[in-house]
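Notes for the one structure printed next.
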Amino acid sequence: MPELAFLNGNIMPIEEARVPVEDRGYQFGDAVYEYVAGYKGRLFALEQHLDRLEHSLRALDFPIVSRDQVRRAVIETFKQSGIERAGVYLQISRGVAPRNHAFPAHSQPQIVVTVRHAHETPPEHLQKGIRVVTVTDIRWGRCDIKTVQLLANVLAKQKALESGVEDAIFISNEGVVREGTASNLFIRCADHLLTHPATPQILAGITRSVLIEICGEQGIQVHQQFFDRNTLLSADEVFLTGTSTEVLPVIAIDGRKIADGQPGPTTLNLRRELEKRANQNDV
Ligand SMILES: Cc1ncc(COP(=O)(O)O)c(C=O)c1O
């Protein structure tokens, strides 16, 4: 099955797609993105991703981009690829213009879609859980906008790998536990879950909101509130959520075991429920 790219109206093999060097995404990080998962030839939660894309575009005062046009580009590239279990990446930059910080007077947003085989989580990470480190959150104050400016996330992930663990969790200067490098974070304390509220300091994940919905149906209370590192370390369960992460158990943080150091029952149950939803969806 070919891995494909859509570039401003044309679909081609991914290695043939080229963007101009004066694309503002390349020079200023002036671009937003979404990452949508394909399961069994269908895209999971596409409309929620398009809603968040619109939020990002509006927040950055982008010129109007047609939602229908973006939806068609995503679906058409995904279908043409024939890849059933895919990772569909969508990026929209403000356009191509001579380098100047100010918005160009006339620029056409550049739409890029790539479709690749999804990165499956290694089975041992699912079975045994992952270990993480905490890092200071040095990101800007609008993490609710899904921009391509991911250098703090890149550095945090790299630090985790160089420390011999799988991922990192951002903690603010004031000690508030935020989220993972490409995922949201939930903890279980006795009979309820805690997760950071959807403020500008985190990205409100689509998986996070699906999980909150599932918890509602299952009678599991989720409190969206701030909590600190001590609360995190003393939790009964910790897990990450995201489009590529799905639901991933965290069993050690900064070298300290969480509970008995095994993936917990609520985490595993929610992972199964999310899997069910992902495999019976719409587009
Ligand atoms: C910083 C950050 N938080 C959370 C998420 C999870 O969002 P979603 O569930 O929509 O994939 C992502 C996904 O890329 C992310 O980069």
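A note on labels: chains of the structure tokens are A, B, ... as shown, every chain counts residues from 1, and ligands are counted from 1 in their shown order.
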
With 9 Å as the cut-off and only C-alpha atoms and all ligand atoms counted, what is the closest atom pair between each nearby residue of chain A and ligand 1? Distances in Å to one decimal, ordered by chain and number, as CSV.
residue,atom,partner,partner_atom_place_in_ligand_line,distance
A:Glu34,CA,ligand 1,14 (O),7.6
A:Tyr35,CA,ligand 1,11 (O),6.6
A:Val36,CA,ligand 1,11 (O),7.4
A:Ala37,CA,ligand 1,11 (O),8.8
A:Gln48,CA,ligand 1,10 (O),8.7
A:His49,CA,ligand 1,10 (O),7.1
A:Arg52,CA,ligand 1,10 (O),8.5
A:Cys143,CA,ligand 1,1 (C),7.2
A:Asp144,CA,ligand 1,1 (C),8.6
A:Lys146,CA,ligand 1,16 (O),7.4
A:Leu150,CA,ligand 1,16 (O),8.1
A:Asn153,CA,ligand 1,1 (C),7.2
A:Arg178,CA,ligand 1,3 (N),9.0
A:Glu179,CA,ligand 1,3 (N),6.1
A:Gly180,CA,ligand 1,3 (N),6.1
A:Thr181,CA,ligand 1,1 (C),5.1
A:Ala182,CA,ligand 1,16 (O),3.4
A:Ser183,CA,ligand 1,4 (C),3.6
A:Asn184,CA,ligand 1,4 (C),4.5
A:Leu185,CA,ligand 1,4 (C),8.2
A:Ile202,CA,ligand 1,3 (N),6.3
A:Leu203,CA,ligand 1,3 (N),4.6
A:Ala204,CA,ligand 1,4 (C),6.3
A:Gly205,CA,ligand 1,7 (O),3.3
A:Ile206,CA,ligand 1,10 (O),3.7
A:Thr207,CA,ligand 1,9 (O),3.7
A:Arg208,CA,ligand 1,9 (O),5.6
A:Ser209,CA,ligand 1,9 (O),7.8
A:Val210,CA,ligand 1,9 (O),8.5
A:Leu240,CA,ligand 1,6 (C),8.7
A:Thr241,CA,ligand 1,9 (O),6.0
A:Gly242,CA,ligand 1,9 (O),3.5
A:Thr243,CA,ligand 1,11 (O),3.6
A:Ser244,CA,ligand 1,11 (O),6.5
A:Thr245,CA,ligand 1,11 (O),7.7
A:Glu246,CA,ligand 1,9 (O),7.6

Just want the 8 Å neighbourhood of range 17-28 of chain A, counted on only C-alpha atoms, with same-chain residues fewer than 4 positions away dropped. Output as JSON, numbers by chain.
{"A": [5, 6, 7, 12, 13, 93, 94, 95, 96, 97, 98, 99, 101, 148]}

The selected residues should be written to file as a compact mmCIF listing (two decimals), in the first residue's frame (atoms: all heavy atoms).
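Output (again-v4.txt):
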# COMPACT_ATOMS: atom_id res chain seq x y z
N ALA A 5 1.06 11.60 -0.20
CA ALA A 5 0.93 12.98 0.27
C ALA A 5 -0.06 13.71 -0.62
O ALA A 5 -0.12 13.47 -1.83
CB ALA A 5 2.27 13.68 0.23
N PHE A 6 -0.81 14.61 0.00
CA PHE A 6 -1.67 15.55 -0.71
C PHE A 6 -1.01 16.90 -0.54
O PHE A 6 -0.67 17.31 0.57
CB PHE A 6 -3.05 15.56 -0.06
CG PHE A 6 -3.96 16.67 -0.52
CD1 PHE A 6 -4.97 16.43 -1.44
CD2 PHE A 6 -3.83 17.96 0.00
CE1 PHE A 6 -5.83 17.45 -1.85
CE2 PHE A 6 -4.68 18.98 -0.41
CZ PHE A 6 -5.68 18.72 -1.33
N LEU A 7 -0.78 17.60 -1.65
CA LEU A 7 -0.13 18.91 -1.56
C LEU A 7 -0.91 19.87 -2.45
O LEU A 7 -0.87 19.75 -3.67
CB LEU A 7 1.33 18.78 -2.02
CG LEU A 7 2.19 20.04 -1.99
CD1 LEU A 7 2.23 20.64 -0.60
CD2 LEU A 7 3.60 19.72 -2.47
N MET A 12 0.24 12.43 -4.40
CA MET A 12 1.48 11.86 -4.98
C MET A 12 2.14 10.97 -3.95
O MET A 12 1.80 11.03 -2.76
CB MET A 12 2.42 13.00 -5.36
CG MET A 12 2.85 13.84 -4.17
SD MET A 12 3.44 15.47 -4.63
CE MET A 12 1.90 16.36 -4.89
N PRO A 13 3.14 10.15 -4.40
CA PRO A 13 3.91 9.38 -3.42
C PRO A 13 4.58 10.36 -2.44
O PRO A 13 5.04 11.43 -2.85
CB PRO A 13 4.97 8.66 -4.27
CG PRO A 13 4.38 8.62 -5.64
CD PRO A 13 3.55 9.86 -5.79
N SER A 93 -0.20 25.64 6.68
CA SER A 93 0.63 26.80 7.02
C SER A 93 -0.07 28.06 6.51
O SER A 93 -0.98 27.99 5.68
CB SER A 93 2.02 26.68 6.40
OG SER A 93 1.97 27.08 5.05
N ARG A 94 0.38 29.20 7.02
CA ARG A 94 -0.26 30.46 6.59
C ARG A 94 0.01 30.74 5.11
O ARG A 94 -0.67 31.55 4.50
CB ARG A 94 0.22 31.62 7.46
CG ARG A 94 -0.66 32.87 7.36
CD ARG A 94 -0.11 34.00 8.22
NE ARG A 94 -0.01 33.66 9.61
CZ ARG A 94 -1.02 33.76 10.49
NH1 ARG A 94 -2.18 34.20 10.10
NH2 ARG A 94 -0.84 33.41 11.76
N GLY A 95 1.01 30.07 4.56
CA GLY A 95 1.26 30.26 3.13
C GLY A 95 2.73 30.48 2.84
O GLY A 95 3.59 30.33 3.71
N VAL A 96 3.01 30.86 1.59
CA VAL A 96 4.38 31.07 1.12
C VAL A 96 4.52 32.56 0.81
O VAL A 96 3.69 33.12 0.08
CB VAL A 96 4.65 30.24 -0.15
CG1 VAL A 96 6.07 30.47 -0.65
CG2 VAL A 96 4.40 28.75 0.11
N ALA A 97 5.55 33.19 1.36
CA ALA A 97 5.74 34.64 1.14
C ALA A 97 7.18 34.99 1.50
O ALA A 97 7.80 34.29 2.30
CB ALA A 97 4.78 35.43 2.01
N PRO A 98 7.72 36.12 0.93
CA PRO A 98 9.07 36.55 1.32
C PRO A 98 9.15 36.70 2.84
O PRO A 98 8.21 37.20 3.46
CB PRO A 98 9.21 37.91 0.63
CG PRO A 98 8.25 37.85 -0.51
CD PRO A 98 7.11 36.99 -0.06
N ARG A 99 10.26 36.29 3.43
CA ARG A 99 10.36 36.21 4.89
C ARG A 99 10.16 37.58 5.55
O ARG A 99 10.88 38.53 5.27
CB ARG A 99 11.72 35.63 5.31
CG ARG A 99 11.79 35.37 6.81
CD ARG A 99 13.09 34.70 7.22
NE ARG A 99 13.05 34.39 8.64
CZ ARG A 99 13.27 35.27 9.62
NH1 ARG A 99 13.57 36.52 9.31
NH2 ARG A 99 13.20 34.91 10.89
N HIS A 101 8.20 38.92 9.48
CA HIS A 101 7.38 38.45 10.61
C HIS A 101 5.90 38.76 10.42
O HIS A 101 5.05 37.95 10.76
CB HIS A 101 7.87 39.06 11.93
CG HIS A 101 9.16 38.48 12.41
ND1 HIS A 101 10.32 38.53 11.68
CD2 HIS A 101 9.47 37.83 13.55
CE1 HIS A 101 11.30 37.93 12.34
NE2 HIS A 101 10.81 37.49 13.48
N VAL A 148 2.80 23.64 14.91
CA VAL A 148 3.94 22.76 14.63
C VAL A 148 5.17 23.15 15.46
O VAL A 148 6.22 22.53 15.33
CB VAL A 148 4.31 22.73 13.13
CG1 VAL A 148 3.14 22.23 12.30
CG2 VAL A 148 4.79 24.10 12.65

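Using only C-alpha atoms, the protein and nucleic acid residues lying no more than 12 Å from Glu174 in chain A, apart from those fewer than 3 places from it along its own chain, are Thr136, Asp137, Ile138, Phe170, Ile171, Val177, Arg178, Phe226, Phe227, Asp228 and Arg229 of chain A.
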
Just checking: using only C-alpha atoms, which residue out of A:Glu3, A:Asp191, A:Asp236, A:Glu54 ends up closest to Phe78 in chain A?
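Once distances to Phe78 in chain A are computed over only C-alpha atoms, the minimum belongs to A:Glu3.
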
If you measure from CA of Ala235 in chain A to CA of Asp254 in chain A, what distance in Å do you get, rounded to one decimal?
14.0 Å

As a VMD selection string, please: every residue in range 50-175 of chain A that a backbone DSSP assignment puts in helix (DSSP H, G or I).
chain A and resid 50 to 59 67 to 81 123 to 128 151 to 162

Let's have the selection written as a tab-separated table (two decimals), in the first residue's frame, with C-alpha atoms.
chain	number	residue	atom	x	y	z
A	50	LEU	CA	-11.70	19.29	12.24
A	51	ASP	CA	-13.36	21.23	15.10
A	52	ARG	CA	-10.02	21.56	16.87
A	53	LEU	CA	-8.31	22.52	13.61
A	54	GLU	CA	-10.84	25.35	13.22
A	55	HIS	CA	-10.08	26.47	16.79
A	56	SER	CA	-6.34	26.57	15.97
A	57	LEU	CA	-6.87	28.43	12.68
A	58	ARG	CA	-9.15	31.01	14.31
A	59	ALA	CA	-6.82	31.50	17.29
A	67	ARG	CA	-13.61	22.76	6.26
A	68	ASP	CA	-15.17	20.77	3.40
A	69	GLN	CA	-12.03	21.14	1.31
A	70	VAL	CA	-9.84	19.94	4.17
A	71	ARG	CA	-12.18	17.03	4.94
A	72	ARG	CA	-12.18	15.99	1.27
A	73	ALA	CA	-8.37	16.18	1.08
A	74	VAL	CA	-7.97	14.03	4.19
A	75	ILE	CA	-10.54	11.42	3.18
A	76	GLU	CA	-9.43	11.23	-0.46
A	77	THR	CA	-5.73	10.78	0.39
A	78	PHE	CA	-6.55	8.19	3.07
A	79	LYS	CA	-8.85	6.21	0.74
A	80	GLN	CA	-6.40	6.32	-2.17
A	81	SER	CA	-3.60	5.00	0.02
A	123	PRO	CA	3.28	-4.70	22.72
A	124	GLU	CA	5.62	-4.75	25.76
A	125	HIS	CA	4.72	-1.10	26.49
A	126	LEU	CA	1.06	-2.06	26.57
A	127	GLN	CA	1.58	-5.18	28.64
A	128	LYS	CA	4.10	-3.84	31.13
A	151	LEU	CA	10.70	21.99	20.02
A	152	ALA	CA	10.05	21.82	23.79
A	153	ASN	CA	8.18	18.54	23.22
A	154	VAL	CA	11.01	17.23	21.03
A	155	LEU	CA	13.65	18.08	23.68
A	156	ALA	CA	11.56	16.53	26.46
A	157	LYS	CA	11.07	13.31	24.51
A	158	GLN	CA	14.77	13.14	23.69
A	159	LYS	CA	15.68	13.70	27.35
A	160	ALA	CA	13.39	10.81	28.29
A	161	LEU	CA	15.02	8.49	25.76
A	162	GLU	CA	18.51	9.52	26.86

Let me make sure I understand: among A:Gly41, A:Leu270, A:Phe103, A:Val112, which one has the smallest atom-to-atom distance to Glu213 in chain A if we use only C-alpha atoms?
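Ranked by minimum distance to Glu213 in chain A, first place goes to A:Leu270.
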
Would you please give, as a PyMOL selection string, all residues of range 3-211 of chain A that DSSP assigns to strand (DSSP E or B) based on the backbone?
chain A and resi 4-7+10-13+23+31-39+42-43+86-93+96+110-117+130-136+147+167-171+176-180+184-189+192-195

Tell me which protein, DNA and RNA residues are within 12 Å of Leu233 in chain A, counting only C-alpha atoms, leaving out same-chain ones fewer than 5 positions away, and put them as a list of chain:residue names.
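Counting only the stated atoms, we get A:Val132, A:Val133, A:Thr134, A:Val177, A:Ile187, A:Arg188, A:Cys189, A:Phe227, A:Asp228, A:Val238, A:Val250, A:Ile251, A:Ala252, A:Ile253, A:Asp254, A:Gly255, A:Arg256, A:Lys257, A:Ile258, A:Ala259, A:Asp260, A:Gly261.
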
Which residue out of A:Gly219, A:Tyr39, A:Gly264, A:Ala168 has the minimum interatomic distance to Lys276 in chain A when only C-alpha atoms are used?
A:Tyr39

Which residue, A:Thr267, A:Thr199, A:Gln108, A:Asn10, has the smallest gap to Phe186 in chain A when you use only C-alpha atoms?
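Among the listed residues, the smallest separation from Phe186 in chain A belongs to A:Thr267.
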
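With only C-alpha atoms as the atoms that count, the minimum distance from Glu16 in chain A to the choices A:Arg272, A:Gln91, A:Ile220, A:Thr114 is reached by A:Thr114.
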
May I ask which of the residues A:Gly141, A:Gly38, A:Pro109, A:Pro2 is the closest one to Gln201 in chain A, counting only C-alpha atoms?
A:Gly141
